[in-house]
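Listing of start-v4.csv, CSV, C-alpha atoms and all ligand atoms
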chain,number,residue,atom,x,y,z
V,1,MET,CA,-64.3,-18.1,11.6
V,2,ALA,CA,-66.1,-15.2,13.3
V,3,LEU,CA,-68.4,-15.5,16.3
V,4,ARG,CA,-71.2,-13.0,15.9
V,5,THR,CA,-74.8,-12.7,16.8
V,6,ASN,CA,-77.5,-11.9,14.3
V,7,GLN,CA,-77.8,-8.5,15.9
V,8,ASP,CA,-74.1,-7.8,15.2
V,9,THR,CA,-74.6,-8.9,11.7
V,10,SER,CA,-77.6,-6.7,10.9
V,11,ARG,CA,-76.0,-3.7,12.7
V,12,ALA,CA,-72.8,-4.0,10.8
V,13,ALA,CA,-74.6,-4.5,7.5
V,14,GLY,CA,-76.9,-1.6,8.2
V,15,THR,CA,-74.1,0.8,8.9
V,16,LEU,CA,-72.2,-0.2,5.9
V,17,GLY,CA,-75.3,-0.4,3.8
V,18,SER,CA,-76.1,3.3,4.4
V,19,CYS,CA,-72.9,4.3,2.7
V,20,VAL,CA,-73.5,2.1,-0.4
V,21,GLU,CA,-75.7,4.7,-2.1
V,22,ASN,CA,-73.2,7.5,-1.6
V,23,ALA,CA,-70.3,5.4,-2.8
V,24,THR,CA,-71.8,3.9,-5.9
V,25,ASP,CA,-71.4,7.4,-7.6
V,26,ARG,CA,-67.6,7.2,-7.2
V,27,GLU,CA,-65.7,6.1,-10.2
V,28,ALA,CA,-64.3,2.6,-10.0
V,29,LEU,CA,-60.6,2.2,-9.0
V,30,LEU,CA,-60.7,-1.4,-10.1
V,31,THR,CA,-62.8,-2.9,-12.8
V,32,VAL,CA,-62.7,-6.6,-13.4
V,33,SER,CA,-64.6,-7.9,-16.4
V,34,ASP,CA,-65.3,-11.5,-17.4
V,35,LEU,CA,-62.0,-12.7,-15.8
V,36,HIS,CA,-61.1,-16.2,-16.7
V,37,VAL,CA,-58.0,-18.1,-15.5
V,38,HIS,CA,-57.1,-21.7,-16.3
V,39,PHE,CA,-53.9,-23.6,-15.7
V,40,VAL,CA,-52.4,-26.0,-18.1
V,41,GLN,CA,-51.2,-29.0,-16.0
V,42,HIS,CA,-50.2,-32.5,-17.1
V,43,ARG,CA,-52.0,-31.9,-20.4
V,44,GLN,CA,-55.1,-31.1,-18.5
V,45,ARG,CA,-56.8,-27.7,-17.9
V,46,VAL,CA,-57.8,-26.6,-14.5
V,47,TYR,CA,-60.5,-24.0,-14.9
V,48,ALA,CA,-59.9,-22.0,-11.7
V,49,VAL,CA,-61.7,-18.8,-12.5
V,50,ASN,CA,-64.6,-18.8,-14.9
V,51,GLY,CA,-66.0,-15.3,-15.6
V,52,ILE,CA,-65.8,-12.9,-12.6
V,53,SER,CA,-66.8,-9.3,-13.0
V,54,TYR,CA,-66.9,-6.5,-10.4
V,55,GLU,CA,-66.1,-2.9,-9.8
V,56,LEU,CA,-64.5,-1.4,-6.7
V,57,ALA,CA,-64.2,2.3,-5.8
V,58,ALA,CA,-61.6,3.9,-3.6
V,59,GLY,CA,-62.5,3.7,0.1
V,60,ARG,CA,-64.8,0.7,-0.5
V,61,SER,CA,-64.5,-2.9,0.6
V,62,LEU,CA,-65.4,-6.1,-1.2
V,63,ALA,CA,-65.5,-9.6,0.4
V,64,ILE,CA,-64.8,-12.6,-1.8
V,65,ILE,CA,-66.2,-15.7,-0.1
V,66,GLY,CA,-66.2,-19.4,-0.8
V,67,GLU,CA,-65.0,-22.8,0.2
V,68,SER,CA,-61.4,-23.8,-0.3
V,69,GLY,CA,-60.6,-24.3,-4.0
V,70,SER,CA,-63.4,-22.0,-5.3
V,71,GLY,CA,-60.9,-19.7,-7.1
V,72,LYS,CA,-60.6,-16.8,-4.6
V,73,THR,CA,-56.9,-16.6,-4.4
V,74,VAL,CA,-56.3,-17.1,-8.1
V,75,SER,CA,-58.8,-14.3,-9.0
V,76,CYS,CA,-56.9,-12.0,-6.6
V,77,ARG,CA,-53.5,-13.0,-7.9
V,78,ALA,CA,-54.8,-12.2,-11.4
V,79,VAL,CA,-55.5,-8.6,-10.1
V,80,MET,CA,-51.9,-8.5,-8.7
V,81,GLY,CA,-50.5,-9.9,-12.0
V,82,LEU,CA,-49.0,-12.6,-9.7
V,83,LEU,CA,-49.9,-15.8,-11.5
V,84,PRO,CA,-47.4,-18.5,-12.6
V,85,PRO,CA,-46.5,-19.0,-16.3
V,86,THR,CA,-48.8,-22.0,-16.5
V,87,ALA,CA,-51.8,-19.7,-16.0
V,88,ARG,CA,-53.8,-18.4,-19.0
V,89,THR,CA,-55.8,-15.3,-18.3
V,90,THR,CA,-58.5,-13.7,-20.4
V,91,GLY,CA,-60.9,-10.9,-19.7
V,92,SER,CA,-60.0,-7.5,-18.3
V,93,VAL,CA,-58.5,-6.2,-15.1
V,94,ARG,CA,-58.2,-2.4,-15.1
V,95,LEU,CA,-56.7,-0.6,-12.1
V,96,ASP,CA,-56.8,3.1,-12.2
V,97,GLY,CA,-57.2,3.1,-16.0
V,98,VAL,CA,-54.4,0.6,-16.7
V,99,GLU,CA,-55.2,-2.7,-18.3
V,100,LEU,CA,-53.3,-5.5,-16.7
V,101,VAL,CA,-54.2,-8.5,-18.7
V,102,GLY,CA,-51.7,-8.9,-21.5
V,103,LEU,CA,-48.9,-6.9,-19.8
V,104,SER,CA,-45.4,-8.3,-20.0
V,105,GLU,CA,-43.6,-9.5,-16.9
V,106,LYS,CA,-41.4,-6.4,-17.0
V,107,GLN,CA,-44.4,-4.1,-17.2
V,108,LEU,CA,-46.1,-6.1,-14.4
V,109,CYS,CA,-43.1,-5.7,-12.2
V,110,ARG,CA,-43.3,-2.0,-12.4
V,111,TYR,CA,-47.0,-2.0,-11.6
V,112,ARG,CA,-46.8,-4.4,-8.7
V,113,GLY,CA,-46.4,-2.8,-5.4
V,114,THR,CA,-47.4,0.7,-6.7
V,115,GLY,CA,-51.1,0.4,-7.0
V,116,VAL,CA,-51.9,-2.8,-5.2
V,117,SER,CA,-50.6,-4.9,-2.3
V,118,MET,CA,-51.6,-8.3,-0.9
V,119,VAL,CA,-51.4,-9.8,2.6
V,120,PHE,CA,-51.5,-13.6,2.8
V,121,GLN,CA,-52.7,-16.0,5.4
V,122,ASP,CA,-49.5,-17.2,7.0
V,123,PRO,CA,-47.2,-14.4,8.2
V,124,SER,CA,-44.6,-16.7,9.5
V,125,ARG,CA,-44.0,-18.1,6.1
V,126,SER,CA,-43.8,-14.7,4.4
V,127,LEU,CA,-41.3,-13.1,6.8
V,128,ASN,CA,-37.6,-13.9,6.7
V,129,PRO,CA,-37.0,-15.7,10.1
V,130,THR,CA,-33.3,-14.8,10.1
V,131,MET,CA,-33.8,-11.0,9.7
V,132,ARG,CA,-35.0,-8.5,12.2
V,133,ILE,CA,-38.4,-7.0,11.4
V,134,GLY,CA,-37.3,-3.4,11.1
V,135,PRO,CA,-34.9,-4.1,8.2
V,136,GLN,CA,-37.5,-6.2,6.5
V,137,VAL,CA,-40.0,-3.4,6.5
V,138,ALA,CA,-37.2,-0.9,5.5
V,139,GLU,CA,-36.2,-3.2,2.6
V,140,ALA,CA,-39.8,-3.0,1.3
V,141,VAL,CA,-39.8,0.8,1.7
V,142,ARG,CA,-36.5,1.1,-0.3
V,143,ALA,CA,-38.0,-1.1,-3.1
V,144,HIS,CA,-40.5,1.6,-3.7
V,145,LEU,CA,-39.0,4.9,-2.6
V,146,PRO,CA,-35.6,6.4,-3.3
V,147,LEU,CA,-34.6,6.7,0.3
V,148,ASP,CA,-31.2,6.2,2.1
V,149,ARG,CA,-30.9,3.6,4.8
V,150,ARG,CA,-31.6,6.0,7.7
V,151,GLU,CA,-34.7,7.5,6.0
V,152,ALA,CA,-36.0,4.0,5.2
V,153,ARG,CA,-35.5,2.9,8.8
V,154,ASN,CA,-37.4,5.9,10.0
V,155,ARG,CA,-40.2,5.2,7.6
V,156,ALA,CA,-40.3,1.6,8.7
V,157,VAL,CA,-40.8,2.7,12.3
V,158,HIS,CA,-43.5,5.0,11.2
V,159,LEU,CA,-45.2,2.2,9.3
V,160,LEU,CA,-45.0,-0.1,12.3
V,161,GLU,CA,-46.6,2.6,14.4
V,162,ARG,CA,-49.3,2.9,11.8
V,163,VAL,CA,-50.2,-0.8,12.2
V,164,ARG,CA,-50.2,-0.2,16.0
V,165,ILE,CA,-47.2,-2.1,17.1
V,166,PRO,CA,-46.4,-0.8,20.5
V,167,ALA,CA,-42.9,0.6,21.1
V,168,ALA,CA,-42.3,0.2,17.4
V,169,ALA,CA,-38.7,1.6,17.4
V,170,ARG,CA,-37.7,-1.1,19.9
V,171,ARG,CA,-39.7,-3.9,18.3
V,172,CYS,CA,-37.8,-3.2,15.0
V,173,LEU,CA,-34.9,-5.2,16.6
V,174,ASP,CA,-37.0,-8.3,17.1
V,175,TYR,CA,-36.9,-11.4,15.0
V,176,PRO,CA,-40.2,-12.7,13.7
V,177,HIS,CA,-40.3,-15.6,16.2
V,178,GLN,CA,-40.3,-13.1,19.0
V,179,LEU,CA,-43.6,-11.7,17.9
V,180,SER,CA,-47.1,-13.2,18.4
V,181,GLY,CA,-49.1,-14.3,15.3
V,182,GLY,CA,-51.2,-11.1,15.4
V,183,MET,CA,-48.1,-8.9,15.6
V,184,ARG,CA,-46.4,-10.8,12.7
V,185,GLN,CA,-49.5,-10.1,10.6
V,186,ARG,CA,-49.3,-6.4,11.6
V,187,VAL,CA,-45.7,-6.5,10.3
V,188,MET,CA,-47.0,-8.0,7.0
V,189,ILE,CA,-49.6,-5.3,6.7
V,190,ALA,CA,-46.8,-2.6,7.3
V,191,ILE,CA,-44.8,-4.2,4.5
V,192,ALA,CA,-47.9,-4.1,2.3
V,193,LEU,CA,-48.4,-0.4,3.1
V,194,ALA,CA,-44.8,0.5,2.2
V,195,CYS,CA,-45.8,1.4,-1.3
V,196,ASP,CA,-48.9,3.4,-0.2
V,197,PRO,CA,-51.3,1.1,-2.2
V,198,LYS,CA,-54.6,2.2,-3.6
V,199,LEU,CA,-55.9,-1.3,-3.2
V,200,LEU,CA,-55.1,-3.8,-0.5
V,201,ILE,CA,-56.0,-7.4,-0.8
V,202,ALA,CA,-56.2,-9.4,2.4
V,203,ASP,CA,-56.3,-13.1,1.4
V,204,GLU,CA,-57.4,-15.1,4.5
V,205,ALA,CA,-55.2,-12.7,6.4
V,206,THR,CA,-56.9,-13.5,9.7
V,207,THR,CA,-57.7,-17.1,9.2
V,208,SER,CA,-54.7,-18.5,11.2
V,209,LEU,CA,-55.4,-16.1,14.2
V,210,ASP,CA,-57.7,-16.6,17.2
V,211,VAL,CA,-61.0,-14.8,17.2
V,212,THR,CA,-60.0,-11.8,19.3
V,213,THR,CA,-56.8,-11.2,17.3
V,214,GLN,CA,-58.8,-11.7,14.1
V,215,ALA,CA,-61.2,-8.9,15.1
V,216,GLN,CA,-58.3,-6.6,16.0
V,217,ILE,CA,-56.6,-7.1,12.6
V,218,MET,CA,-59.9,-6.5,10.8
V,219,GLU,CA,-60.5,-3.3,12.7
V,220,LEU,CA,-56.9,-2.2,11.9
V,221,LEU,CA,-57.5,-2.9,8.2
V,222,LEU,CA,-60.7,-0.8,8.2
V,223,GLU,CA,-59.0,2.0,10.1
V,224,LEU,CA,-56.1,2.1,7.6
V,225,GLN,CA,-58.6,2.0,4.7
V,226,GLU,CA,-60.5,5.0,6.1
V,227,GLN,CA,-57.3,7.0,6.8
V,228,SER,CA,-56.0,6.6,3.2
V,229,ASP,CA,-59.1,6.0,1.2
V,230,MET,CA,-57.8,2.6,0.1
V,231,ALA,CA,-60.0,0.0,-1.6
V,232,LEU,CA,-60.0,-3.3,0.3
V,233,ILE,CA,-60.6,-6.8,-0.9
V,234,LEU,CA,-61.2,-9.3,1.9
V,235,VAL,CA,-60.9,-12.9,0.9
V,236,SER,CA,-62.3,-15.5,3.2
V,237,HIS,CA,-64.2,-18.7,3.5
V,238,ASP,CA,-66.1,-17.0,6.3
V,239,LEU,CA,-69.4,-15.3,5.4
V,240,GLY,CA,-69.7,-13.9,8.9
V,241,LEU,CA,-66.5,-11.9,8.3
V,242,ALA,CA,-68.0,-10.4,5.2
V,243,ALA,CA,-71.1,-9.5,7.1
V,244,SER,CA,-69.2,-7.5,9.6
V,245,TYR,CA,-66.6,-5.8,7.5
V,246,ALA,CA,-67.3,-5.5,3.8
V,247,ASP,CA,-69.6,-3.2,1.8
V,248,GLU,CA,-70.2,-5.7,-1.0
V,249,VAL,CA,-69.9,-9.5,-1.2
V,250,ILE,CA,-69.1,-12.0,-4.0
V,251,VAL,CA,-69.8,-15.6,-3.3
V,252,MET,CA,-67.7,-17.9,-5.4
V,253,TYR,CA,-68.3,-21.5,-6.3
V,254,GLY,CA,-66.3,-23.6,-8.8
V,255,GLY,CA,-64.5,-20.5,-10.0
V,256,ARG,CA,-67.7,-18.6,-10.7
V,257,ALA,CA,-69.5,-15.8,-8.9
V,258,VAL,CA,-72.8,-17.4,-7.8
V,259,GLU,CA,-74.2,-14.5,-5.8
V,260,GLN,CA,-73.1,-10.9,-5.7
V,261,ALA,CA,-74.7,-8.0,-3.8
V,262,SER,CA,-74.3,-5.3,-1.2
V,263,THR,CA,-73.7,-7.0,2.2
V,264,ARG,CA,-77.0,-5.6,3.4
V,265,GLU,CA,-79.0,-6.9,0.5
V,266,LEU,CA,-77.3,-10.3,0.5
V,267,PHE,CA,-78.1,-10.9,4.2
V,268,ALA,CA,-81.7,-9.6,3.8
V,269,HIS,CA,-82.5,-11.8,0.9
V,270,VAL,CA,-80.1,-14.7,0.4
V,271,GLN,CA,-81.0,-16.3,-2.9
V,272,MET,CA,-78.5,-18.9,-3.8
V,273,PRO,CA,-78.8,-22.2,-1.8
V,274,TYR,CA,-75.0,-22.4,-1.6
V,275,THR,CA,-74.8,-19.0,0.1
V,276,GLN,CA,-77.6,-20.1,2.5
V,277,ALA,CA,-75.6,-23.2,3.3
V,278,LEU,CA,-72.6,-21.1,4.1
V,279,LEU,CA,-74.7,-18.9,6.3
V,280,GLN,CA,-76.0,-21.8,8.2
V,281,ALA,CA,-72.4,-22.9,8.9
V,282,ILE,CA,-71.6,-19.6,10.7
V,283,PRO,CA,-71.4,-20.3,14.5
V,284,ARG,CA,-73.9,-18.3,16.4
V,285,PHE,CA,-74.3,-17.3,20.1
V,286,ASP,CA,-78.0,-18.0,19.9
V,287,ARG,CA,-77.4,-21.7,19.3
V,288,PRO,CA,-76.5,-24.1,22.1
V,289,THR,CA,-72.7,-24.8,22.1
V,290,HIS,CA,-73.3,-28.5,21.7
V,291,THR,CA,-75.1,-28.0,18.4
V,292,ILE,CA,-73.3,-29.6,15.6
V,293,LEU,CA,-72.9,-27.0,12.9
V,294,PRO,CA,-74.4,-27.8,9.6
V,295,VAL,CA,-71.7,-28.0,6.9
V,296,VAL,CA,-72.2,-28.0,3.2
V,297,GLU,CA,-72.2,-31.7,2.5
V,298,GLY,CA,-70.6,-33.1,-0.6
V,299,ARG,CA,-67.5,-32.2,-2.5
V,300,PRO,CA,-66.6,-29.1,-4.6
V,301,PRO,CA,-66.7,-29.6,-8.4
V,302,ASP,CA,-63.8,-31.0,-10.3
V,303,LEU,CA,-62.3,-28.0,-12.0
V,304,THR,CA,-60.8,-30.1,-14.8
V,305,HIS,CA,-64.3,-31.2,-16.0
V,306,LEU,CA,-66.8,-28.5,-15.2
V,307,PRO,CA,-70.4,-29.8,-15.5
V,308,THR,CA,-72.8,-28.3,-18.2
V,309,GLY,CA,-75.4,-27.7,-15.5
V,310,CYS,CA,-75.1,-25.7,-12.2
V,311,ALA,CA,-71.9,-26.8,-10.5
V,312,PHE,CA,-73.6,-26.8,-7.1
V,313,ALA,CA,-76.5,-29.0,-8.3
V,314,PRO,CA,-75.0,-32.3,-7.0
V,315,ARG,CA,-75.0,-30.8,-3.5
V,316,CYS,CA,-78.2,-28.8,-3.7
V,317,GLU,CA,-81.4,-30.0,-2.2
V,318,ARG,CA,-83.4,-27.7,-4.5
V,319,ALA,CA,-81.8,-29.0,-7.7
V,320,ASP,CA,-83.9,-30.6,-10.4
V,321,ASP,CA,-83.3,-31.7,-14.0
V,322,ARG,CA,-83.1,-28.2,-15.3
V,323,CYS,CA,-80.3,-27.4,-12.9
V,324,ARG,CA,-78.4,-30.5,-14.0
V,325,ALA,CA,-78.9,-29.7,-17.7
V,326,SER,CA,-77.9,-26.0,-17.9
V,327,ALA,CA,-76.0,-23.5,-15.8
V,328,PRO,CA,-77.9,-20.4,-14.9
V,329,GLU,CA,-76.2,-17.1,-15.7
V,330,LEU,CA,-75.4,-14.6,-12.9
V,331,ALA,CA,-78.3,-12.2,-13.3
V,332,ALA,CA,-80.5,-9.7,-11.3
V,333,PRO,CA,-84.1,-10.8,-12.1
V,334,GLY,CA,-85.3,-8.0,-9.8
V,335,GLY,CA,-83.5,-5.4,-11.9
V,336,GLY,CA,-81.3,-4.3,-8.9
V,337,ARG,CA,-77.7,-4.9,-8.1
V,338,HIS,CA,-78.3,-8.2,-6.3
V,339,ARG,CA,-77.3,-10.9,-8.8
V,340,PHE,CA,-77.4,-14.6,-8.5
V,341,ALA,CA,-77.0,-17.7,-10.6
V,342,CYS,CA,-79.8,-20.0,-9.7
V,343,TRP,CA,-82.9,-21.5,-11.3
V,344,HIS,CA,-84.6,-22.1,-8.0
V,345,PRO,CA,-83.6,-19.2,-5.6
V,346,CYS,CA,-84.4,-19.4,-1.9
V,347,ASP,CA,-87.1,-16.7,-2.2
V,348,GLU,CA,-89.2,-19.1,-4.3
V,349,PRO,CA,-90.9,-22.3,-3.1
V,350,ALA,CA,-88.7,-25.4,-3.6
V,351,PRO,CA,-89.4,-27.2,-6.9
V,352,ASP,CA,-92.1,-30.0,-6.7
V,353,GLY,CA,-93.2,-28.7,-3.4
V,354,ARG,CA,-90.1,-30.4,-1.9
V,355,HIS,CA,-89.7,-30.2,1.9
V,356,GLU,CA,-86.5,-28.5,2.8
V,357,SER,CA,-84.5,-28.7,6.0
V,358,SER,CA,-83.4,-25.4,7.4
E,401,LIG,N1,-50.5,-23.0,-10.0
E,401,LIG,C1,-51.6,-23.8,-10.2
E,401,LIG,N2,-51.6,-24.8,-11.1
E,401,LIG,C2,-52.7,-25.6,-11.2
E,401,LIG,N3,-53.9,-25.4,-10.5
E,401,LIG,C3,-53.9,-24.4,-9.6
E,401,LIG,C4,-52.8,-23.5,-9.4
E,401,LIG,N4,-53.1,-22.6,-8.4
E,401,LIG,C5,-54.3,-22.9,-8.1
E,401,LIG,N5,-54.8,-23.9,-8.8
E,401,LIG,C6,-56.2,-24.5,-8.6
E,401,LIG,O1,-57.1,-23.5,-8.9
E,401,LIG,C7,-58.3,-23.8,-8.0
E,401,LIG,C8,-58.6,-22.5,-7.3
E,401,LIG,O2,-57.6,-22.3,-6.3
E,401,LIG,P1,-57.6,-21.1,-5.3
E,401,LIG,O3,-57.9,-19.8,-6.0
E,401,LIG,O4,-56.3,-21.1,-4.6
E,401,LIG,O5,-58.8,-21.4,-4.3
E,401,LIG,P2,-59.2,-20.7,-3.0
E,401,LIG,O6,-58.3,-19.5,-2.8
E,401,LIG,O7,-60.7,-20.3,-3.2
E,401,LIG,O8,-59.1,-21.7,-1.9
E,401,LIG,C9,-57.9,-25.0,-7.2
E,401,LIG,O9,-58.5,-26.1,-7.7
E,401,LIG,C10,-56.4,-25.0,-7.2
E,401,LIG,O10,-56.0,-26.4,-7.1
E,402,MG,MG,-57.0,-19.2,-1.2

If you convert what's in this file into structure tokens, what do you get?
Ligand SMILES: Nc1ncnc2c1ncn2[C@@H]1O[C@H](COP(=O)(O)OP(=O)(O)O)[C@@H](O)[C@H]1O
Ligand SMILES: [Mg+2]
Amino acid sequence: MALRTNQDTSRAAGTLGSCVENATDREALLTVSDLHVHFVQHRQRVYAVNGISYELAAGRSLAIIGESGSGKTVSCRAVMGLLPPTARTTGSVRLDGVELVGLSEKQLCRYRGTGVSMVFQDPSRSLNPTMRIGPQVAEAVRAHLPLDRREARNRAVHLLERVRIPAAARRCLDYPHQLSGGMRQRVMIAIALACDPKLLIADEATTSLDVTTQAQIMELLLELQEQSDMALILVSHDLGLAASYADEVIVMYGGRAVEQASTRELFAHVQMPYTQALLQAIPRFDRPTHTILPVVEGRPPDLTHLPTGCAFAPRCERADDRCRASAPELAAPGGGRHRFACWHPCDEPAPDGRHESS
């Protein structure tokens, strides 16, 4: 949840948008093509990710946005090769020229932590509560580099300094419970950096933090990204966060990408009614504090029985029979890079001249 004004949003999107043109020339570090993941569970299939494609170059950031259960984490775990044995993955995930889909567990082990690292939502559950933080970071260092204990400890202090933990050498002796939530998340980021990743995935990494700490952690991630030309994937349910920090955005619904564009383009011309609903749910300073925030009414789709039509149709005030009968493909009717999957995008008048609330 980010509190931002429209002005902040357009400024951030503008600054980032200006580098989009320069960066599109760069060869992709990560290419995900038609990624599908389903789980086999109690003789049922859970269709968690249903055809996601994107490219991400070094030094660029992508936000994956959507409600809980929309397939954000599963799609990122597929990029990490971190899915349980019940998962069936098809499509392609190429990182730095290496195809990951179809690798054996042994091959994946070697790959994990060299090219890509992930930071999760809850740092207190990821850290060992009985171990001081310095040795925890040093352990991560030694898992990747052939260093002796002293060298690993020095490198751990260096990493804790990089994530701006004050008096890092002294804080190494602290246990996780002696640190604030924000500081614990910094430790997790230091651990993620231990292997010098080319791609860092932050999965709701700031969700459990207060707004100020959230912003500090996001600034830190961007700073680290700039320093080492890392690619960054920011996973969040918060579209406002994407607006402020990511170059590109994918909005997911029911395991599919329903809208995908540069952040600037997305905010200038939201097309998918679901994205619009998420946008209206962002708290804004220009609304009175007593205003009840509109939420996206209704329930997300049942991923064991995906509908033949648009999965958002039952919750969409623009939906008609066509939407219920067939699911639109993700496409860019304008010919640009702004793609969306909607028969009745927001730029067009509502079907049947329907009156819409805004
Ligand atoms: N190990 C699993 N087995 C069965 N279903 C799973 C598993 N992991 C995730 N899912 C299902 O996949 C869907 C997408 O989950 P997830 O990617 O975690 O959503 P998000 O991160 O967007 O909240 C959810 O319906 C979830 O219940
Ligand atoms: Mg998740």

Taking a cut-off of 10 Å and counting only C-alpha atoms and all ligand atoms, can you build a table that, for each residue of chain V near ligand MG 402 (chain E), reports the nearest atom pair and how far apart they are in Å (one decimal), sorted by chain then residue number, as a Markdown table?
| residue | atom | partner | partner_atom | distance |
| --- | --- | --- | --- | --- |
| V:Ile65 | CA | E:MG402 | MG | 9.9 |
| V:Gly66 | CA | E:MG402 | MG | 9.2 |
| V:Glu67 | CA | E:MG402 | MG | 8.9 |
| V:Ser68 | CA | E:MG402 | MG | 6.4 |
| V:Gly69 | CA | E:MG402 | MG | 6.8 |
| V:Ser70 | CA | E:MG402 | MG | 8.1 |
| V:Gly71 | CA | E:MG402 | MG | 7.1 |
| V:Lys72 | CA | E:MG402 | MG | 5.5 |
| V:Thr73 | CA | E:MG402 | MG | 4.1 |
| V:Val74 | CA | E:MG402 | MG | 7.2 |
| V:Ser75 | CA | E:MG402 | MG | 9.4 |
| V:Cys76 | CA | E:MG402 | MG | 9.0 |
| V:Arg77 | CA | E:MG402 | MG | 9.8 |
| V:Phe120 | CA | E:MG402 | MG | 8.8 |
| V:Gln121 | CA | E:MG402 | MG | 8.5 |
| V:Asp203 | CA | E:MG402 | MG | 6.7 |
| V:Glu204 | CA | E:MG402 | MG | 7.0 |
| V:Val235 | CA | E:MG402 | MG | 7.7 |
| V:Ser236 | CA | E:MG402 | MG | 7.8 |
| V:His237 | CA | E:MG402 | MG | 8.6 |

Deliver the residues from the most recent selection as a file, using C-alpha atoms, as a short mmCIF file (atom, residue, chain, number, x, y, z; two decimals), in the coordinates of the input.
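Final output, saved to again-v6.cif:
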data_model
loop_
_atom_site.label_atom_id
_atom_site.label_comp_id
_atom_site.auth_asym_id
_atom_site.auth_seq_id
_atom_site.Cartn_x
_atom_site.Cartn_y
_atom_site.Cartn_z
CA ILE V 65 -66.20 -15.70 -0.10
CA GLY V 66 -66.20 -19.40 -0.80
CA GLU V 67 -65.00 -22.80 0.20
CA SER V 68 -61.40 -23.80 -0.30
CA GLY V 69 -60.60 -24.30 -4.00
CA SER V 70 -63.40 -22.00 -5.30
CA GLY V 71 -60.90 -19.70 -7.10
CA LYS V 72 -60.60 -16.80 -4.60
CA THR V 73 -56.90 -16.60 -4.40
CA VAL V 74 -56.30 -17.10 -8.10
CA SER V 75 -58.80 -14.30 -9.00
CA CYS V 76 -56.90 -12.00 -6.60
CA ARG V 77 -53.50 -13.00 -7.90
CA PHE V 120 -51.50 -13.60 2.80
CA GLN V 121 -52.70 -16.00 5.40
CA ASP V 203 -56.30 -13.10 1.40
CA GLU V 204 -57.40 -15.10 4.50
CA VAL V 235 -60.90 -12.90 0.90
CA SER V 236 -62.30 -15.50 3.20
CA HIS V 237 -64.20 -18.70 3.50
#

Please provide the set of residues having any atom within 7 Å of range 221-225 of chain V, restricted to only C-alpha atoms, with same-chain residues fewer than 5 positions apart removed, written as a PDB file with C-alpha atoms, in the coordinates of the input.
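Produced file result.pdb, reproduced below:
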ATOM      1  CA  GLY V  59     -62.500   3.700   0.100  1.00  0.00           C
ATOM      2  CA  MET V 230     -57.800   2.600   0.100  1.00  0.00           C
ATOM      3  CA  ALA V 231     -60.000   0.000  -1.600  1.00  0.00           C
TER       4      ALA V 231
END

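Straight-line separation from CA of Glu161 in chain V to CA of Glu248 in chain V: 29.4 Å.
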
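Computed from the coordinates, the CA of Asn50 in chain V to CA of Arg322 in chain V distance equals 20.8 Å.
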
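Between CA of Val79 in chain V and CA of Met188 in chain V the separation is 19.1 Å.
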
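Between ligand LIG 401 (chain E) and the residues V:Asp196, V:Asp238, V:Glu151, V:Asp34, the shortest atom-to-atom distance, using all atoms listed in the file, involves V:Asp238.
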
Taking 2 positions as the minimum chain separation for residues in the same chain, which residues sit within 8 Å of range 93-107 of chain V when counting only C-alpha atoms? Answer as a list in words. Ala28, Leu29, Leu30, Thr31, Val32, Ser33, Leu35, Ala78, Val79, Gly81, Thr89, Thr90, Gly91, Cys109, Arg110, Tyr111 and Gly115 of chain V
